[in-house]
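input_37.cif (mmCIF, C-alpha atoms and all ligand atoms)
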```
data_start
#
loop_
_atom_site.label_atom_id
_atom_site.label_comp_id
_atom_site.auth_asym_id
_atom_site.auth_seq_id
_atom_site.Cartn_x
_atom_site.Cartn_y
_atom_site.Cartn_z
CA MET A 14 0.00 0.00 0.00
CA TYR A 15 1.07 3.52 -0.57
CA GLY A 16 3.21 5.10 2.12
CA LEU A 17 0.35 7.48 2.90
CA VAL A 18 -1.40 4.55 4.59
CA ASN A 19 1.58 3.64 6.77
CA ARG A 20 2.11 7.29 7.62
CA ALA A 21 -1.50 7.61 8.75
CA LEU A 22 -1.11 4.50 10.90
CA GLU A 23 2.11 5.91 12.34
CA GLU A 24 0.47 9.23 13.16
CA MET A 25 -2.51 7.56 14.82
CA MET A 26 -0.24 5.35 16.95
CA ARG A 27 2.12 8.18 17.89
CA LYS A 28 -0.82 10.36 18.93
CA THR A 29 -2.59 7.73 20.98
CA HIS A 30 0.36 5.83 22.46
CA GLY A 31 3.41 8.03 22.08
CA ASP A 32 6.64 7.99 20.08
CA ALA A 33 8.38 5.31 22.16
CA THR A 34 5.51 2.86 21.64
CA TRP A 35 5.58 3.45 17.91
CA GLU A 36 9.30 2.62 17.82
CA LYS A 37 8.58 -0.57 19.76
CA ILE A 38 5.80 -1.50 17.35
CA LYS A 39 8.14 -1.08 14.38
CA GLU A 40 10.85 -3.11 16.11
CA ARG A 41 8.44 -5.91 17.02
CA ALA A 42 7.11 -5.91 13.46
CA GLY A 43 10.65 -6.18 12.10
CA VAL A 44 10.01 -3.09 10.00
CA ASP A 45 13.23 -1.17 9.62
CA ILE A 46 11.92 1.83 7.71
CA GLU A 47 12.60 5.21 9.24
CA VAL A 48 10.36 7.36 7.11
CA PHE A 49 7.42 6.21 5.00
CA VAL A 50 7.30 8.15 1.75
CA ARG A 51 3.68 9.05 0.97
CA MET A 52 3.83 8.33 -2.73
CA ASP A 53 6.00 5.21 -2.61
CA ALA A 54 4.25 1.85 -2.85
CA TYR A 55 5.20 -0.56 -0.04
CA PRO A 56 4.38 -4.27 0.23
CA ASP A 57 1.06 -4.84 2.02
CA ASP A 58 2.98 -7.13 4.33
CA ILE A 59 4.48 -4.10 6.08
CA THR A 60 1.09 -2.67 7.03
CA TYR A 61 -0.19 -6.06 8.22
CA LYS A 62 2.97 -6.62 10.30
CA LEU A 63 2.65 -3.19 11.93
CA VAL A 64 -0.99 -3.80 12.84
CA GLY A 65 -0.13 -7.29 14.12
CA ALA A 66 2.74 -6.02 16.27
CA ALA A 67 0.60 -3.17 17.64
CA SER A 68 -2.13 -5.65 18.47
CA GLU A 69 0.30 -7.81 20.48
CA LEU A 70 2.08 -4.96 22.17
CA LEU A 71 -1.08 -3.06 23.13
CA ASN A 72 -3.08 -6.17 23.89
CA GLN A 73 -5.86 -5.05 21.59
CA PRO A 74 -7.52 -7.14 18.90
CA ALA A 75 -6.27 -6.28 15.41
CA GLU A 76 -9.92 -5.79 14.39
CA ALA A 77 -10.31 -2.98 16.94
CA LEU A 78 -7.12 -1.27 15.75
CA LEU A 79 -8.21 -1.57 12.12
CA LYS A 80 -11.59 -0.07 12.93
CA ALA A 81 -9.97 2.87 14.75
CA PHE A 82 -7.58 3.23 11.82
CA GLY A 83 -10.43 3.35 9.31
CA GLU A 84 -12.00 6.22 11.19
CA TYR A 85 -8.62 7.93 11.50
CA TRP A 86 -8.04 7.60 7.74
CA THR A 87 -11.09 9.72 6.90
CA LEU A 88 -9.88 12.44 9.29
CA TYR A 89 -6.25 12.17 8.20
CA THR A 90 -6.87 12.31 4.46
CA GLY A 91 -9.38 15.12 5.03
CA SER A 92 -6.59 17.20 6.58
CA GLU A 93 -3.54 15.94 4.64
CA GLY A 94 -4.34 17.43 1.27
CA TYR A 95 -7.12 15.10 0.19
CA GLY A 96 -10.04 17.07 1.64
CA ALA A 97 -11.05 18.32 -1.79
CA LEU A 98 -11.01 14.77 -3.10
CA LEU A 99 -13.41 13.71 -0.36
CA ASP A 100 -15.55 16.84 -0.81
CA ALA A 101 -15.85 16.14 -4.52
CA ALA A 102 -17.00 12.59 -3.80
CA GLY A 103 -20.26 13.78 -2.31
CA SER A 104 -22.18 15.92 0.15
CA SER A 105 -23.95 13.07 1.91
CA LEU A 106 -22.95 9.65 3.20
CA GLN A 107 -24.96 7.86 0.51
CA GLU A 108 -23.50 9.96 -2.28
CA THR A 109 -19.92 9.59 -1.02
CA LEU A 110 -20.18 5.82 -0.69
CA ALA A 111 -21.68 5.57 -4.17
CA ASN A 112 -18.79 7.63 -5.58
CA LEU A 113 -15.87 5.86 -3.89
CA ASP A 114 -14.97 3.91 -7.02
CA ASP A 115 -14.75 7.17 -9.00
CA LEU A 116 -12.57 8.67 -6.26
CA HIS A 117 -10.21 5.71 -6.53
CA VAL A 118 -10.15 5.96 -10.32
CA ARG A 119 -9.02 9.56 -9.93
CA VAL A 120 -6.26 8.67 -7.45
CA GLY A 121 -5.28 5.64 -9.56
CA LEU A 122 -4.69 7.87 -12.60
CA MET A 123 -1.81 9.48 -10.74
CA TYR A 124 -0.63 6.53 -8.69
CA ALA A 125 -0.48 3.47 -10.89
CA GLU A 126 0.30 1.03 -8.11
CA LEU A 127 -2.95 1.76 -6.31
CA LYS A 128 -4.97 -1.42 -5.76
CA PRO A 129 -8.29 0.16 -4.88
CA PRO A 130 -11.15 -1.75 -3.34
CA SER A 131 -14.57 -1.46 -4.97
CA PHE A 132 -17.81 -0.43 -3.27
CA ARG A 133 -21.41 -0.77 -4.40
CA CYS A 134 -24.59 0.36 -2.65
CA SER A 135 -27.94 -1.40 -2.69
CA GLU A 136 -31.29 -1.11 -0.92
CA VAL A 137 -30.74 2.63 -0.55
CA THR A 138 -33.43 4.54 1.35
CA ALA A 139 -33.28 7.85 3.26
CA ASP A 140 -32.03 6.18 6.45
CA ARG A 141 -30.51 2.88 5.40
CA LEU A 142 -28.39 1.18 2.76
CA VAL A 143 -26.35 -1.93 2.17
CA LEU A 144 -22.72 -1.41 1.23
CA HIS A 145 -20.91 -4.11 -0.72
CA TYR A 146 -17.12 -4.18 -0.44
CA TYR A 147 -14.81 -5.97 -2.84
CA SER A 148 -11.09 -6.06 -2.23
CA THR A 149 -7.92 -7.70 -3.41
CA ARG A 150 -6.81 -7.66 0.25
CA ASP A 151 -7.84 -9.93 3.11
CA GLY A 152 -8.92 -9.02 6.60
CA LEU A 153 -9.64 -5.32 6.16
CA ALA A 154 -13.43 -5.40 6.60
CA PRO A 155 -13.05 -4.08 10.19
CA MET A 156 -11.23 -1.08 8.73
CA VAL A 157 -14.15 -0.47 6.40
CA VAL A 158 -16.48 -0.28 9.43
CA GLY A 159 -14.26 2.51 10.76
CA LEU A 160 -14.12 4.22 7.37
CA ILE A 161 -17.93 4.30 7.24
CA GLU A 162 -18.12 5.62 10.79
CA GLY A 163 -15.57 8.31 9.93
CA LEU A 164 -17.66 9.37 6.94
CA GLY A 165 -20.70 9.47 9.21
CA LYS A 166 -18.85 11.89 11.51
CA ARG A 167 -17.88 13.99 8.49
CA PHE A 168 -21.58 14.48 7.85
CA GLY A 169 -22.51 14.76 11.52
CA GLN A 170 -24.39 11.47 11.49
CA THR A 171 -24.53 8.65 13.99
CA LEU A 172 -24.62 5.28 12.30
CA GLU A 173 -25.44 1.75 13.23
CA ILE A 174 -23.35 -0.66 11.18
CA GLU A 175 -23.94 -4.36 10.98
CA ARG A 176 -21.79 -6.82 9.08
CA LEU A 177 -23.84 -8.99 6.76
CA ALA A 178 -21.82 -11.14 4.32
CA ARG A 179 -18.25 -12.06 5.29
CA ARG A 180 -15.56 -13.29 2.97
CA GLU A 181 -13.81 -15.07 5.83
CA SER A 182 -16.98 -17.15 6.23
CA GLY A 183 -16.97 -18.17 2.57
CA ASP A 184 -19.17 -15.41 1.12
CA ASP A 185 -17.88 -14.00 -2.17
CA HIS A 186 -17.57 -10.49 -0.74
CA ASP A 187 -18.20 -8.47 2.42
CA SER A 188 -21.32 -6.40 2.98
CA PHE A 189 -22.57 -4.06 5.67
CA SER A 190 -25.99 -2.80 6.64
CA ILE A 191 -25.76 0.90 7.47
CA ARG A 192 -28.55 2.68 9.32
CA ILE A 193 -28.50 6.44 9.89
CA LEU A 194 -29.89 7.07 13.37
CA PRO A 195 -32.32 9.95 13.84
F1 LIG B 1 -15.19 4.70 2.93
O1 LIG B 1 -7.67 -2.32 -0.01
C1 LIG B 1 -13.79 6.53 2.57
O2 LIG B 1 -2.20 1.73 -1.85
C2 LIG B 1 -14.03 5.17 2.48
O3 LIG B 1 -9.45 -3.36 0.73
C3 LIG B 1 -13.09 4.29 1.95
O4 LIG B 1 -3.55 0.34 -2.89
C4 LIG B 1 -12.58 7.02 2.09
F2 LIG B 1 -0.52 9.63 -2.98
C5 LIG B 1 -3.11 9.49 -2.36
C6 LIG B 1 -2.33 8.36 -2.35
C7 LIG B 1 -0.87 8.42 -2.72
C8 LIG B 1 -4.44 9.44 -1.97
F3 LIG B 1 -0.64 7.64 -3.73
C9 LIG B 1 -4.22 7.11 -1.56
F4 LIG B 1 -0.12 8.03 -1.75
C10 LIG B 1 -7.18 7.09 -1.40
C11 LIG B 1 -6.91 9.22 -0.32
C12 LIG B 1 -8.47 7.01 -0.90
C13 LIG B 1 -8.21 9.13 0.17
C14 LIG B 1 -6.87 2.18 -1.08
C15 LIG B 1 -5.35 3.50 0.19
C16 LIG B 1 -5.79 1.55 -1.72
C17 LIG B 1 -4.27 2.90 -0.43
C18 LIG B 1 -8.16 -0.12 1.61
C19 LIG B 1 -8.37 0.87 2.73
C20 LIG B 1 -8.82 -1.44 1.92
C21 LIG B 1 -10.85 3.87 0.92
C22 LIG B 1 -7.79 2.19 2.37
C23 LIG B 1 -9.75 3.55 1.95
C24 LIG B 1 -10.36 7.92 0.44
C25 LIG B 1 -7.77 3.81 0.56
O5 LIG B 1 -10.46 6.65 1.09
C26 LIG B 1 -8.61 -2.42 0.78
C27 LIG B 1 -3.35 1.30 -2.09
C28 LIG B 1 -5.00 8.26 -1.58
C29 LIG B 1 -6.38 8.20 -1.11
C30 LIG B 1 -8.99 8.03 -0.13
C31 LIG B 1 -6.63 3.15 -0.13
C32 LIG B 1 -4.50 1.93 -1.39
C33 LIG B 1 -11.87 4.79 1.47
C34 LIG B 1 -11.65 6.17 1.54
N1 LIG B 1 -8.58 2.86 1.32
C35 LIG B 1 -2.88 7.16 -1.96
#
```
Write-out of the structure in structure tokens:
Amino acid sequence: MYGLVNRALEEMMRKTHGDATWEKIKERAGVDIEVFVRMDAYPDDITYKLVGAASELLNQPAEALLKAFGEYWTLYTGSEGYGALLDAAGSSLQETLANLDDLHVRVGLMYAELKPPSFRCSEVTADRLVLHYYSTRDGLAPMVVGLIEGLGKRFGQTLEIERLARRESGDDHDSFSIRILP
């Protein structure tokens, strides 16, 4: 994944647990990279190892860290030069989710090594929808829950998210029921 992802993870960890803990996480992960370059593509392995090491060191399930990271990503990209990209994707949760593939096409035009996931919405009503998530990567559905929650916060909405289909249970993709609470 692009260095931007590892940088966001680094910033979240440094802010919540401090610089020393981040150094320990990197050491435990066996990741000997001093500075992640935003626009360099790194093996996915590095991100997974960092999350795994953080999970062990902090005694927190990787799923919980990934969820927090998903939420952080929406804040981080909003303030690290990609706010306009997110703004252009939509002015409501439904619209933004429906436009995520277009957003990734735009980023992918400039960064050829992007391996974007794909999202599709169904059963859309004013207060509920089902989001379908297709990815080349395993195990990141908990991060998607956080991403959705982060988008909800962006639009000042409280959401109730339920996982429906799960790839790890043999379904062909992951899906989520999203309800916007009144
Ligand atoms: F709900 O792969 C809201 O490296 C969402 O399954 C979901 O393959 C917002 F310059 C610049 C760059 C860089 C901008 F090249 C990425 F570095 C992308 C900014 C998306 C904002 C996808 C990151 C692929 C890296 C992937 C989880 C899970 C998508 C991360 C979240 C808005 C982004 O993002 C999976 C890669 C951006 C950039 C956004 C993503 C790669 C998302 C969302 N993805 C790189």
Test item: residues lying within 8 Å of ligand LIG 1 (chain B) with all atoms listed in the file, as a ChimeraX atom specification
/A:14-18,51-55,83,86-87,90-91,95,98-99,109-110,113,116-117,120-121,123-124,126-131,146-151,153-154,156-157,160-161,163-164
For CA of Arg192 in chain A and CA of Arg141 in chain A, determine how far apart the two atoms are, in Å to one decimal place.
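Result for CA of Arg192 in chain A versus CA of Arg141 in chain A: 4.4 Å, one decimal.
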Which is closer to Ala21 in chain A than all the others in A:Asn72, A:Asn112, A:Thr60, A:Ser190, using only C-alpha atoms?
A:Thr60
Pick from A:Thr138, A:Val118, A:Arg133, A:Leu78: nearest to Phe189 in chain A, with only C-alpha atoms counted?
A:Arg133
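Between CA of Met25 in chain A and CA of Gly169 in chain A the separation is 21.5 Å.
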Mind giving me the straight-line distance from CA of Asp140 in chain A to CA of Ile193 in chain A in Å, one decimal?
4.9 Å
Would you mind telling me which residue in A:Val44, A:Leu71, A:Tyr61, A:Asp187 lies nearest to Met26 in chain A when using all atoms listed in the file?
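Closest residue, counting all atoms listed in the file: A:Leu71.
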Kindly indicate which residue among A:Ser68, A:Gln170, A:Asn19, A:Gln73 lies nearest to Gln107 in chain A, using only C-alpha atoms for the distances.
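For Gln107 in chain A, the nearest of the candidates is A:Gln170.
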Which of A:Pro74, A:Phe168, A:Leu144, A:Ala66 sits closest to Ile191 in chain A [using only C-alpha atoms]:
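With only C-alpha atoms as the atom set, the closest residue is A:Leu144.
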Up to 9 Å from (-19.1, -7.6, 12.6) in the file's coordinates: name the residues, counting all atoms listed in the file, as a count of residues only.
9
His30 in chain A surroundings by only C-alpha atoms, 12 Å radius, close-in-sequence under 6 positions cut, as a ChimeraX atom specification
/A:22-24,36-38,67,70-71
Axis-aligned box for all listed atoms of range 129-146 of chain A, 3 Å per side, centre and edges in Å to one decimal, as JSON:
```
{"center_x": -20.9, "center_y": 1.8, "center_z": 0.7, "size_x": 31.1, "size_y": 18.0, "size_z": 17.4}
```
